[in-house]
file upload.txt (compact mmCIF, C-alpha atoms)
# COMPACT_ATOMS: atom_id res chain seq x y z
CA MET A 25 125.59 163.77 137.21
CA ARG A 26 128.82 163.00 135.41
CA LEU A 27 130.15 165.61 133.04
CA LEU A 28 130.00 164.58 129.40
CA ILE A 29 130.21 168.00 127.74
CA ALA A 30 133.99 168.32 127.47
CA PRO A 31 134.70 164.87 125.98
CA ALA A 32 131.69 165.19 123.69
CA LEU A 33 133.01 168.46 122.30
CA LEU A 34 136.44 166.90 121.88
CA LEU A 35 134.93 164.11 119.82
CA VAL A 36 132.73 166.35 117.68
CA LEU A 37 135.17 169.13 116.80
CA PRO A 38 137.84 167.02 115.04
CA PHE A 39 135.15 165.08 113.21
CA THR A 40 133.58 168.21 111.71
CA GLY A 41 136.59 168.59 109.48
CA ALA A 42 136.89 164.90 108.76
CA VAL A 43 133.35 164.11 107.66
CA ALA A 44 133.90 165.34 104.14
CA ARG A 45 137.09 163.40 103.56
CA GLY A 46 135.88 160.25 105.31
CA SER A 47 132.33 159.90 104.05
CA ALA A 48 132.85 157.31 101.39
CA GLY A 49 129.39 155.86 101.25
CA GLU A 50 128.44 152.35 102.15
CA SER A 51 124.94 152.57 100.68
CA ASP A 52 125.21 149.03 99.39
CA SER A 53 125.09 147.73 102.97
CA THR A 54 122.31 147.90 105.49
CA ALA A 55 122.89 149.43 108.90
CA ILE A 56 122.50 146.01 110.50
CA GLY A 57 125.03 144.53 108.09
CA ILE A 58 127.53 147.30 108.82
CA MET A 59 127.10 146.87 112.57
CA GLU A 60 127.60 143.12 112.31
CA SER A 61 130.78 143.67 110.29
CA ASP A 62 132.01 146.23 112.81
CA GLY A 63 131.28 143.79 115.63
CA LEU A 64 133.55 141.25 113.96
CA THR A 65 136.18 143.95 113.48
CA PHE A 66 136.07 144.64 117.22
CA LEU A 67 136.51 140.96 118.06
CA ARG A 68 139.35 140.55 115.58
CA GLY A 69 141.04 143.72 116.81
CA ALA A 70 140.77 142.64 120.44
CA GLY A 71 142.15 139.21 119.55
CA TYR A 72 145.03 140.77 117.62
CA VAL A 73 146.05 143.20 120.36
CA LEU A 74 145.67 140.79 123.29
CA SER A 75 147.63 138.09 121.47
CA SER A 76 150.38 140.49 120.33
CA PRO A 77 153.02 139.20 122.80
CA VAL A 78 152.96 135.86 120.98
CA ARG A 79 154.17 137.65 117.83
CA TRP A 80 156.67 140.00 119.48
CA LYS A 81 160.20 140.08 118.13
CA SER A 82 163.37 141.18 119.91
CA ASP A 83 162.68 144.90 119.32
CA ASP A 84 159.21 144.55 120.81
CA TRP A 85 160.56 142.85 123.92
CA LEU A 86 163.17 145.59 124.26
CA LYS A 87 160.40 148.20 124.18
CA PHE A 88 158.45 146.27 126.78
CA GLY A 89 161.56 146.09 128.95
CA ALA A 90 162.12 149.81 128.51
CA ALA A 91 158.55 150.47 129.65
CA GLY A 92 159.19 148.37 132.75
CA VAL A 93 162.44 150.19 133.51
CA GLY A 94 160.76 153.54 132.95
CA THR A 95 157.97 152.60 135.36
CA ALA A 96 160.51 151.48 137.97
CA LEU A 97 162.35 154.79 137.63
CA ALA A 98 159.06 156.68 137.88
CA SER A 99 158.33 154.90 141.17
CA GLY A 100 161.31 156.75 142.60
CA LEU A 101 159.23 159.92 142.28
CA ASP A 102 156.08 158.47 143.84
CA ILE A 103 156.60 159.96 147.31
CA ASP A 104 157.73 163.37 146.07
CA GLY A 105 154.89 163.47 143.56
CA ARG A 106 152.35 162.80 146.31
CA LEU A 107 153.84 165.49 148.53
CA ILE A 108 153.65 168.05 145.71
CA MET A 109 149.98 167.26 145.16
CA GLN A 110 149.22 167.48 148.89
CA ARG A 111 150.93 170.85 149.17
CA ASN A 112 148.91 172.31 146.31
CA ARG A 113 145.42 171.55 147.54
CA SER A 114 142.86 174.32 147.12
CA PRO A 115 139.14 174.65 146.28
CA HIS A 116 140.06 175.81 142.76
CA ASN A 117 142.33 172.81 142.15
CA GLU A 118 139.67 170.50 143.57
CA ASP A 119 137.23 171.73 140.92
CA LEU A 120 139.79 171.35 138.15
CA ALA A 121 140.59 167.80 139.27
CA LYS A 122 136.90 166.82 139.25
CA VAL A 123 136.52 168.09 135.67
CA ALA A 124 139.75 166.50 134.39
CA GLU A 125 138.83 163.18 135.98
CA GLN A 126 135.70 162.86 133.82
CA TYR A 127 137.78 162.33 130.70
CA GLY A 128 139.01 159.09 132.22
CA VAL A 129 135.65 157.72 133.39
CA GLY A 130 135.11 154.58 131.33
CA LEU A 131 131.33 154.91 131.06
CA ASN A 132 131.64 158.52 129.88
CA MET A 133 134.06 157.72 127.11
CA ILE A 134 132.24 154.59 125.99
CA LEU A 135 129.07 156.67 125.68
CA VAL A 136 130.98 159.31 123.69
CA SER A 137 132.40 156.61 121.41
CA ALA A 138 128.97 155.04 120.98
CA GLY A 139 127.48 158.45 120.15
CA GLY A 140 130.15 159.07 117.55
CA TYR A 141 129.61 155.61 116.09
CA LEU A 142 125.86 156.12 115.74
CA ALA A 143 126.41 159.59 114.24
CA GLY A 144 128.81 158.12 111.69
CA LEU A 145 126.32 155.41 110.88
CA ALA A 146 123.39 157.84 110.57
CA PHE A 147 125.26 160.36 108.41
CA ASP A 148 127.10 157.75 106.33
CA SER A 149 130.55 158.90 107.49
CA ARG A 150 132.87 155.92 107.42
CA TRP A 151 135.77 157.81 109.02
CA VAL A 152 133.70 158.94 112.01
CA ARG A 153 132.13 155.52 112.46
CA GLN A 154 135.39 153.62 112.24
CA THR A 155 137.30 156.06 114.46
CA SER A 156 134.59 155.84 117.12
CA LEU A 157 134.66 152.04 116.87
CA LEU A 158 138.44 152.01 117.31
CA ALA A 159 138.25 154.42 120.26
CA GLY A 160 135.66 152.32 122.04
CA SER A 161 137.60 149.14 121.26
CA ALA A 162 140.86 150.58 122.60
CA ILE A 163 139.14 151.65 125.82
CA LEU A 164 137.61 148.21 126.39
CA ILE A 165 140.83 146.35 125.56
CA ALA A 166 143.05 148.60 127.71
CA ALA A 167 140.53 148.57 130.56
CA THR A 168 140.53 144.76 130.49
CA VAL A 169 144.32 144.71 130.81
CA SER A 170 144.07 147.29 133.61
CA THR A 171 141.46 145.36 135.59
CA VAL A 172 143.41 142.11 135.45
CA SER A 173 146.66 143.90 136.38
CA LYS A 174 145.06 145.62 139.38
CA VAL A 175 143.90 142.31 140.83
CA VAL A 176 147.12 140.41 140.11
CA ILE A 177 149.50 143.14 141.34
CA GLY A 178 147.43 144.46 144.26
CA ARG A 179 149.30 147.69 144.93
CA ALA A 180 148.13 149.81 147.87
CA ARG A 181 146.60 153.17 146.99
CA PRO A 182 148.27 156.32 148.39
CA TYR A 183 145.36 157.20 150.67
CA THR A 184 145.81 153.94 152.60
CA LEU A 185 149.10 155.36 153.95
CA ARG A 186 150.73 151.96 153.56
CA GLY A 187 153.47 153.19 151.24
CA HIS A 188 154.12 152.85 147.52
CA MET A 189 155.90 149.52 147.86
CA THR A 190 153.06 147.67 149.58
CA PHE A 191 151.48 144.92 147.49
CA LYS A 192 148.73 142.45 148.31
CA PRO A 193 147.89 140.43 145.17
CA PHE A 194 144.39 139.00 144.74
CA SER A 195 142.98 141.03 147.63
CA PHE A 196 139.21 141.11 148.05
CA PRO A 197 137.64 143.60 148.28
CA VAL A 198 140.24 144.90 145.86
CA GLU A 199 139.62 148.68 145.96
CA ASP A 200 142.30 149.66 148.52
CA TYR A 201 144.83 147.53 146.63
CA ALA A 202 143.95 148.52 143.07
CA SER A 203 146.43 151.33 142.51
CA PHE A 204 148.52 149.88 139.68
CA PRO A 205 147.91 150.88 136.96
CA SER A 206 145.63 153.94 136.88
CA GLY A 207 142.39 152.91 135.14
CA HIS A 208 141.26 156.51 134.52
CA THR A 209 144.62 157.28 132.90
CA ILE A 210 144.32 154.19 130.72
CA VAL A 211 140.86 155.20 129.49
CA ALA A 212 141.95 158.79 128.79
CA PHE A 213 145.12 157.86 126.89
CA ALA A 214 143.39 155.06 124.95
CA PHE A 215 140.78 157.51 123.67
CA SER A 216 143.33 160.25 122.95
CA GLY A 217 145.71 157.75 121.38
CA VAL A 218 143.17 156.59 118.81
CA LEU A 219 142.10 160.14 117.90
CA ALA A 220 145.71 161.32 117.66
CA ALA A 221 146.65 158.41 115.40
CA ARG A 222 143.60 158.84 113.17
CA LEU A 223 143.88 162.63 112.88
CA ASP A 224 147.67 162.45 112.37
CA ASN A 225 148.11 166.13 113.21
CA ALA A 226 150.88 167.33 115.55
CA TRP A 227 148.83 170.08 117.18
CA ALA A 228 145.84 167.80 117.69
CA SER A 229 148.11 165.17 119.25
CA VAL A 230 149.60 167.69 121.70
CA GLY A 231 146.14 168.81 122.78
CA LEU A 232 144.74 165.29 123.07
CA TYR A 233 147.65 163.93 125.07
CA ALA A 234 147.72 167.03 127.30
CA LEU A 235 144.05 166.43 128.09
CA ALA A 236 144.75 162.79 128.89
CA ALA A 237 147.71 163.81 131.07
CA SER A 238 145.45 166.15 133.04
CA THR A 239 143.33 163.12 133.92
CA GLY A 240 146.38 161.29 135.24
CA ILE A 241 147.39 164.31 137.30
CA SER A 242 143.87 164.58 138.71
CA ARG A 243 144.10 160.99 139.94
CA MET A 244 147.33 161.78 141.73
CA TYR A 245 145.79 164.94 143.17
CA THR A 246 142.85 163.01 144.63
CA ASP A 247 145.34 160.59 146.25
CA GLU A 248 144.04 157.61 144.31
CA HIS A 249 147.26 156.82 142.43
CA TRP A 250 151.03 157.06 142.55
CA PHE A 251 153.04 158.73 139.79
CA SER A 252 154.27 155.37 138.45
CA ASP A 253 150.66 154.12 138.22
CA VAL A 254 149.91 157.00 135.88
CA VAL A 255 153.09 156.57 133.83
CA PHE A 256 152.52 152.88 133.21
CA GLY A 257 148.83 153.45 132.47
CA ALA A 258 149.72 156.03 129.83
CA VAL A 259 152.35 153.80 128.22
CA ILE A 260 150.19 150.68 128.04
CA SER A 261 147.10 152.46 126.69
CA VAL A 262 148.99 154.41 124.02
CA SER A 263 150.61 151.14 122.95
CA VAL A 264 147.21 149.44 122.72
CA SER A 265 145.52 152.29 120.84
CA ARG A 266 148.30 152.84 118.32
CA SER A 267 148.72 149.10 117.73
CA LEU A 268 144.99 148.78 117.10
CA VAL A 269 144.95 151.69 114.65
CA ARG A 270 148.01 150.36 112.78
CA TRP A 271 146.38 146.95 112.49
CA PHE A 272 143.15 148.48 111.20
CA GLU A 273 144.73 150.91 108.73
CA SER A 274 147.06 148.25 107.35
CA GLY A 275 143.98 146.63 105.84
CA ASP A 276 143.81 143.72 108.28
CA GLY A 277 140.83 145.30 110.00
CA GLY A 278 138.76 144.99 106.92
CA GLY A 279 139.96 141.59 105.96
CA GLY A 280 138.19 138.29 106.05
CA ALA A 281 135.79 137.42 108.79
CA ALA A 282 137.09 136.09 112.03
CA GLY A 283 136.40 132.48 112.86
CA PHE A 284 137.62 128.93 112.91
CA ARG A 285 138.79 127.17 109.77
CA ILE A 286 140.25 123.75 109.03
CA VAL A 287 143.70 123.68 107.44
CA PRO A 288 144.66 120.32 105.90
CA GLY A 289 148.26 119.16 106.21
CA ALA A 290 150.41 116.13 105.48
CA GLY A 291 148.55 113.38 107.26
CA SER A 292 146.78 115.80 109.59
CA VAL A 293 144.27 118.62 109.86
CA THR A 294 144.60 121.74 112.00
CA LEU A 295 141.84 123.86 113.50
CA VAL A 296 142.86 127.54 113.23
CA TYR A 297 141.15 130.64 114.58
CA SER A 298 141.84 133.77 112.53
CA PHE A 299 141.74 137.27 113.99
call {"tool": "encode", "arguments": {"input": "upload.txt", "output": "C-alpha cells"}}
result
Amino acid sequence: MRLLIAPALLLVLPFTGAVARGSAGESDSTAIGIMESDGLTFLRGAGYVLSSPVRWKSDDWLKFGAAGVGTALASGLDIDGRLIMQRNRSPHNEDLAKVAEQYGVGLNMILVSAGGYLAGLAFDSRWVRQTSLLAGSAILIAATVSTVSKVVIGRARPYTLRGHMTFKPFSFPVEDYASFPSGHTIVAFAFSGVLAARLDNAWASVGLYALAASTGISRMYTDEHWFSDVVFGAVISVSVSRSLVRWFESGDGGGGAAGFRIVPGAGSVTLVYSF
C-alpha cells in the first residue's frame, strides 16, 4: 500500500495555522456552486499556464534559455551522479528512497490535494480550499507537460545501460525511454512550489523544497533517472506552480468565467476564448 501519511501531514500542518486567516466565509454560495466555480478556475488556470509561451517577452525567453543551458550543464554530471548513487547502496538507503519517492507519486499527491480541498469546503476555509485546488492543478498541468515531453524526447533510462545520450523519440512501449524529465520530481516540486508560494515563509519554503529534492534524489538512487532529468523536472514544475499562483493571486483567477465570446470589429466579428 502506498504511503500517504507523510504528505498528508505536510498538507495538514501548514493549514492549521492558516485556517483562521483564510476562512472568509462563502456562505452565500452552495457547495455545488463553489465547486463549479473552482472547476472553471482550474480550466482557466490550465489554459493560462499552457498558453504562456505565446505571451512570453524577451526576459521570459532568456529564462527559458537559461533553464535549457542549466539542464545541458547538469547532463555533464549524469554519469558521476549515477556512480555516486550506485556506490552508496544499502538497506537503510533503500528504505529512505522508498519513503521519499512517495511524495512524488501523482496519485498520492492528487488524493492529498483532493482531501485538502474537501476539508476546506467542509470547514468553510477559502485559503485551504483554494491552495489545495492550486496544488492539484499544478500537479496535473506539470504532469501533462512531463508526459508529452517523455514521449517526444524518448531518453533512455539509466538502468537500460544505454548511456545518458541515447534518445529514441516516440518509442512504444515508452517506459525504457521515458527518462526525461523526471515525473516524480515534477509532481513533488509542483506540490511544494504551490505551498511555498502560498505560505510565503522562508523556513517553510526550505523544508518543502528539501522534501521535493529528496524525491528527485530517490529517483536517481533507484536508477530510474539521470541528474539532468531531475534538474529540469524541478525547474519546469516550480515555474508552473509559481506562475499559476501569481495568476490566481493577481485576481485573474477569480475573474470572469472562461468561455467563448464574440467581439465585433470594423466589418468583422471575432470569436475569442478567454482564460
call {"tool": "closest_residue", "arguments": {"input": "upload.txt", "among": "A:Ala228, A:Ala121, A:Val254, A:Leu157", "to": "Ala143 of chain A", "atoms": "all atoms listed in the file"}}
result
A:Leu157
call {"tool": "closest_residue", "arguments": {"input": "upload.txt", "among": "A:Phe215, A:Tyr127, A:Tyr201, A:Phe256", "to": "Ala180 of chain A", "atoms": "all atoms listed in the file"}}
result
A:Tyr201
call {"tool": "residues_around", "arguments": {"input": "upload.txt", "residues": "Ser156 of chain A", "least_positions_apart": "6", "cutoff": "7 Å", "atoms": "all atoms listed in the file", "output": "list of chain:residue names"}}
result
A:Ser137, A:Ala138, A:Gly140, A:Tyr141
call {"tool": "residues_around", "arguments": {"input": "upload.txt", "residues": "segment 259-275 of chain A", "least_positions_apart": "2", "cutoff": "9 Å", "atoms": "all atoms listed in the file", "output": "ChimeraX atom specification"}}
result
/A:65,69-70,72-74,91,155,158-159,161-163,165-167,169-170,209-218,220-222,254-257,277-279
call {"tool": "residues_around", "arguments": {"input": "upload.txt", "residues": "Ala55 of chain A", "least_positions_apart": "5", "cutoff": "9 Å", "atoms": "only C-alpha atoms", "output": "VMD selection string"}}
result
chain A and resid 60 145 to 146
call {"tool": "write_last_selection", "arguments": {"input": "upload.txt", "atoms": "C-alpha atoms", "output": "short mmCIF file (atom, residue, chain, number, x, y, z; two decimals), in the coordinates of the input"}}
result
data_model
loop_
_atom_site.label_atom_id
_atom_site.label_comp_id
_atom_site.auth_asym_id
_atom_site.auth_seq_id
_atom_site.Cartn_x
_atom_site.Cartn_y
_atom_site.Cartn_z
CA GLU A 60 127.60 143.12 112.31
CA LEU A 145 126.32 155.41 110.88
CA ALA A 146 123.39 157.84 110.57
#
call {"tool": "axis_aligned_box", "arguments": {"input": "upload.txt", "around": "segment 123-138 of chain A", "padding_each_side": "4 Å", "output": "AutoDock Vina command-line options"}}
result
--center_x 134.4 --center_y 161.3 --center_z 128.5 --size_x 18.8 --size_y 21.5 --size_z 23.0
call {"tool": "atom_distance", "arguments": {"input": "upload.txt", "atom1": "atom CA of Gly94 of chain A", "atom2": "atom CA of Phe196 of chain A"}}
result
29.1 Å
call {"tool": "residues_around", "arguments": {"input": "upload.txt", "residues": "Trp250 of chain A", "least_positions_apart": "4", "cutoff": "9 Å", "atoms": "only C-alpha atoms", "output": "list in words"}}
result
Ser99, Leu101, Asp102, Ile103, Gly105, Arg106, Arg181, Pro182, His188, Ser203, Phe204, Pro205, Ser206, Arg243, Met244, Val254 and Val255 of chain A
call {"tool": "atom_distance", "arguments": {"input": "upload.txt", "atom1": "atom CA of Val198 of chain A", "atom2": "atom CA of Val175 of chain A"}}
result
6.7 Å
call {"tool": "closest_residue", "arguments": {"input": "upload.txt", "among": "A:Gln154, A:Met109, A:Leu67, A:Ala236", "to": "His249 of chain A", "atoms": "all atoms listed in the file"}}
result
A:Met109
call {"tool": "closest_residue", "arguments": {"input": "upload.txt", "among": "A:Arg68, A:Arg79, A:His208, A:Arg179", "to": "Phe194 of chain A", "atoms": "all atoms listed in the file"}}
result
A:Arg179
call {"tool": "atom_distance", "arguments": {"input": "upload.txt", "atom1": "atom CA of Ser61 of chain A", "atom2": "atom CA of Thr168 of chain A"}}
result
22.5 Å
call {"tool": "closest_residue", "arguments": {"input": "upload.txt", "among": "A:Gly240, A:Pro193, A:Gly128, A:Pro77", "to": "Gly178 of chain A", "atoms": "all atoms listed in the file"}}
result
A:Pro193
call {"tool": "closest_residue", "arguments": {"input": "upload.txt", "among": "A:Asp148, A:Glu125, A:Glu248, A:Asp224", "to": "Leu185 of chain A", "atoms": "only C-alpha atoms"}}
result
A:Glu248
call {"tool": "decode", "arguments": {"input": "upload.txt", "residues": "segment 84-125 of chain A", "atoms": "N, CA and C atoms", "output": "PDB file, in the first residue's frame"}}
result
ATOM      1  N   ASP A  84      11.435  36.482 -20.571  1.00  0.00           N
ATOM      2  CA  ASP A  84      10.927  35.125 -20.373  1.00  0.00           C
ATOM      3  C   ASP A  84      11.681  34.125 -21.240  1.00  0.00           C
ATOM      4  N   TRP A  85      11.973  34.509 -22.471  1.00  0.00           N
ATOM      5  CA  TRP A  85      12.719  33.614 -23.351  1.00  0.00           C
ATOM      6  C   TRP A  85      14.150  33.436 -22.863  1.00  0.00           C
ATOM      7  N   LEU A  86      14.709  34.488 -22.264  1.00  0.00           N
ATOM      8  CA  LEU A  86      16.056  34.373 -21.696  1.00  0.00           C
ATOM      9  C   LEU A  86      16.058  33.378 -20.531  1.00  0.00           C
ATOM     10  N   LYS A  87      15.018  33.435 -19.710  1.00  0.00           N
ATOM     11  CA  LYS A  87      14.915  32.490 -18.591  1.00  0.00           C
ATOM     12  C   LYS A  87      14.777  31.059 -19.098  1.00  0.00           C
ATOM     13  N   PHE A  88      13.978  30.892 -20.152  1.00  0.00           N
ATOM     14  CA  PHE A  88      13.793  29.571 -20.729  1.00  0.00           C
ATOM     15  C   PHE A  88      15.120  29.058 -21.288  1.00  0.00           C
ATOM     16  N   GLY A  89      15.851  29.951 -21.952  1.00  0.00           N
ATOM     17  CA  GLY A  89      17.162  29.577 -22.477  1.00  0.00           C
ATOM     18  C   GLY A  89      18.125  29.205 -21.368  1.00  0.00           C
ATOM     19  N   ALA A  90      18.066  29.964 -20.269  1.00  0.00           N
ATOM     20  CA  ALA A  90      18.936  29.675 -19.128  1.00  0.00           C
ATOM     21  C   ALA A  90      18.621  28.304 -18.534  1.00  0.00           C
ATOM     22  N   ALA A  91      17.329  27.967 -18.500  1.00  0.00           N
ATOM     23  CA  ALA A  91      16.927  26.651 -17.994  1.00  0.00           C
ATOM     24  C   ALA A  91      17.479  25.550 -18.889  1.00  0.00           C
ATOM     25  N   GLY A  92      17.452  25.787 -20.202  1.00  0.00           N
ATOM     26  CA  GLY A  92      17.999  24.812 -21.136  1.00  0.00           C
ATOM     27  C   GLY A  92      19.496  24.652 -20.980  1.00  0.00           C
ATOM     28  N   VAL A  93      20.197  25.780 -20.823  1.00  0.00           N
ATOM     29  CA  VAL A  93      21.652  25.730 -20.629  1.00  0.00           C
ATOM     30  C   VAL A  93      21.989  25.032 -19.322  1.00  0.00           C
ATOM     31  N   GLY A  94      21.218  25.360 -18.265  1.00  0.00           N
ATOM     32  CA  GLY A  94      21.447  24.726 -16.973  1.00  0.00           C
ATOM     33  C   GLY A  94      21.256  23.219 -17.032  1.00  0.00           C
ATOM     34  N   THR A  95      20.231  22.784 -17.779  1.00  0.00           N
ATOM     35  CA  THR A  95      19.987  21.345 -17.931  1.00  0.00           C
ATOM     36  C   THR A  95      21.123  20.679 -18.701  1.00  0.00           C
ATOM     37  N   ALA A  96      21.615  21.368 -19.744  1.00  0.00           N
ATOM     38  CA  ALA A  96      22.731  20.818 -20.528  1.00  0.00           C
ATOM     39  C   ALA A  96      23.980  20.677 -19.660  1.00  0.00           C
ATOM     40  N   LEU A  97      24.229  21.683 -18.821  1.00  0.00           N
ATOM     41  CA  LEU A  97      25.381  21.615 -17.915  1.00  0.00           C
ATOM     42  C   LEU A  97      25.201  20.492 -16.900  1.00  0.00           C
ATOM     43  N   ALA A  98      23.965  20.338 -16.416  1.00  0.00           N
ATOM     44  CA  ALA A  98      23.685  19.278 -15.440  1.00  0.00           C
ATOM     45  C   ALA A  98      23.923  17.897 -16.049  1.00  0.00           C
ATOM     46  N   SER A  99      23.694  17.762 -17.359  1.00  0.00           N
ATOM     47  CA  SER A  99      23.897  16.467 -18.004  1.00  0.00           C
ATOM     48  C   SER A  99      25.360  16.034 -17.949  1.00  0.00           C
ATOM     49  N   GLY A 100      26.255  17.013 -17.769  1.00  0.00           N
ATOM     50  CA  GLY A 100      27.664  16.682 -17.625  1.00  0.00           C
ATOM     51  C   GLY A 100      27.973  15.951 -16.327  1.00  0.00           C
ATOM     52  N   LEU A 101      27.020  15.984 -15.397  1.00  0.00           N
ATOM     53  CA  LEU A 101      27.183  15.290 -14.119  1.00  0.00           C
ATOM     54  C   LEU A 101      26.346  14.021 -14.046  1.00  0.00           C
ATOM     55  N   ASP A 102      25.714  13.655 -15.142  1.00  0.00           N
ATOM     56  CA  ASP A 102      24.841  12.478 -15.140  1.00  0.00           C
ATOM     57  C   ASP A 102      25.589  11.199 -14.756  1.00  0.00           C
ATOM     58  N   ILE A 103      26.712  10.955 -15.389  1.00  0.00           N
ATOM     59  CA  ILE A 103      27.457   9.717 -15.153  1.00  0.00           C
ATOM     60  C   ILE A 103      28.008   9.681 -13.734  1.00  0.00           C
ATOM     61  N   ASP A 104      28.630  10.789 -13.308  1.00  0.00           N
ATOM     62  CA  ASP A 104      29.182  10.834 -11.954  1.00  0.00           C
ATOM     63  C   ASP A 104      28.076  10.702 -10.911  1.00  0.00           C
ATOM     64  N   GLY A 105      26.950  11.355 -11.175  1.00  0.00           N
ATOM     65  CA  GLY A 105      25.829  11.268 -10.232  1.00  0.00           C
ATOM     66  C   GLY A 105      25.341   9.840 -10.086  1.00  0.00           C
ATOM     67  N   ARG A 106      25.263   9.120 -11.192  1.00  0.00           N
ATOM     68  CA  ARG A 106      24.825   7.716 -11.132  1.00  0.00           C
ATOM     69  C   ARG A 106      25.830   6.867 -10.368  1.00  0.00           C
ATOM     70  N   LEU A 107      27.108   7.097 -10.594  1.00  0.00           N
ATOM     71  CA  LEU A 107      28.134   6.327  -9.893  1.00  0.00           C
ATOM     72  C   LEU A 107      28.078   6.559  -8.381  1.00  0.00           C
ATOM     73  N   ILE A 108      27.835   7.808  -7.984  1.00  0.00           N
ATOM     74  CA  ILE A 108      27.731   8.124  -6.552  1.00  0.00           C
ATOM     75  C   ILE A 108      26.572   7.353  -5.925  1.00  0.00           C
ATOM     76  N   MET A 109      25.433   7.349  -6.619  1.00  0.00           N
ATOM     77  CA  MET A 109      24.271   6.632  -6.102  1.00  0.00           C
ATOM     78  C   MET A 109      24.546   5.136  -5.995  1.00  0.00           C
ATOM     79  N   GLN A 110      25.196   4.572  -7.009  1.00  0.00           N
ATOM     80  CA  GLN A 110      25.484   3.141  -7.009  1.00  0.00           C
ATOM     81  C   GLN A 110      26.439   2.751  -5.892  1.00  0.00           C
ATOM     82  N   ARG A 111      27.371   3.647  -5.584  1.00  0.00           N
ATOM     83  CA  ARG A 111      28.352   3.345  -4.531  1.00  0.00           C
ATOM     84  C   ARG A 111      27.762   3.447  -3.135  1.00  0.00           C
ATOM     85  N   ASN A 112      26.625   4.105  -3.007  1.00  0.00           N
ATOM     86  CA  ASN A 112      26.042   4.324  -1.681  1.00  0.00           C
ATOM     87  C   ASN A 112      24.789   3.493  -1.442  1.00  0.00           C
ATOM     88  N   ARG A 113      24.704   2.357  -2.092  1.00  0.00           N
ATOM     89  CA  ARG A 113      23.555   1.481  -1.882  1.00  0.00           C
ATOM     90  C   ARG A 113      23.679   0.744  -0.552  1.00  0.00           C
ATOM     91  N   SER A 114      22.548   0.687   0.163  1.00  0.00           N
ATOM     92  CA  SER A 114      22.488  -0.034   1.433  1.00  0.00           C
ATOM     93  C   SER A 114      21.016  -0.266   1.769  1.00  0.00           C
ATOM     94  N   PRO A 115      20.714  -1.238   2.619  1.00  0.00           N
ATOM     95  CA  PRO A 115      19.317  -1.478   3.009  1.00  0.00           C
ATOM     96  C   PRO A 115      18.667  -0.243   3.620  1.00  0.00           C
ATOM     97  N   HIS A 116      19.432   0.510   4.420  1.00  0.00           N
ATOM     98  CA  HIS A 116      18.892   1.721   5.039  1.00  0.00           C
ATOM     99  C   HIS A 116      18.526   2.759   3.981  1.00  0.00           C
ATOM    100  N   ASN A 117      19.429   2.980   3.022  1.00  0.00           N
ATOM    101  CA  ASN A 117      19.160   3.950   1.966  1.00  0.00           C
ATOM    102  C   ASN A 117      18.024   3.500   1.052  1.00  0.00           C
ATOM    103  N   GLU A 118      17.887   2.189   0.870  1.00  0.00           N
ATOM    104  CA  GLU A 118      16.773   1.665   0.090  1.00  0.00           C
ATOM    105  C   GLU A 118      15.442   2.058   0.729  1.00  0.00           C
ATOM    106  N   ASP A 119      15.369   1.911   2.053  1.00  0.00           N
ATOM    107  CA  ASP A 119      14.137   2.260   2.773  1.00  0.00           C
ATOM    108  C   ASP A 119      13.844   3.750   2.675  1.00  0.00           C
ATOM    109  N   LEU A 120      14.893   4.566   2.827  1.00  0.00           N
ATOM    110  CA  LEU A 120      14.709   6.015   2.726  1.00  0.00           C
ATOM    111  C   LEU A 120      14.214   6.409   1.333  1.00  0.00           C
ATOM    112  N   ALA A 121      14.778   5.779   0.313  1.00  0.00           N
ATOM    113  CA  ALA A 121      14.394   6.094  -1.062  1.00  0.00           C
ATOM    114  C   ALA A 121      12.927   5.745  -1.316  1.00  0.00           C
ATOM    115  N   LYS A 122      12.484   4.610  -0.775  1.00  0.00           N
ATOM    116  CA  LYS A 122      11.089   4.198  -0.964  1.00  0.00           C
ATOM    117  C   LYS A 122      10.128   5.193  -0.330  1.00  0.00           C
ATOM    118  N   VAL A 123      10.505   5.720   0.855  1.00  0.00           N
ATOM    119  CA  VAL A 123       9.650   6.701   1.532  1.00  0.00           C
ATOM    120  C   VAL A 123       9.642   8.028   0.767  1.00  0.00           C
ATOM    121  N   ALA A 124      10.840   8.512   0.405  1.00  0.00           N
ATOM    122  CA  ALA A 124      10.950   9.803  -0.292  1.00  0.00           C
ATOM    123  C   ALA A 124      10.225   9.781  -1.630  1.00  0.00           C
ATOM    124  N   GLU A 125      10.226   8.629  -2.283  1.00  0.00           N
ATOM    125  CA  GLU A 125       9.590   8.503  -3.596  1.00  0.00           C
ATOM    126  C   GLU A 125       8.085   8.750  -3.538  1.00  0.00           C
TER     127      GLU A 125
END
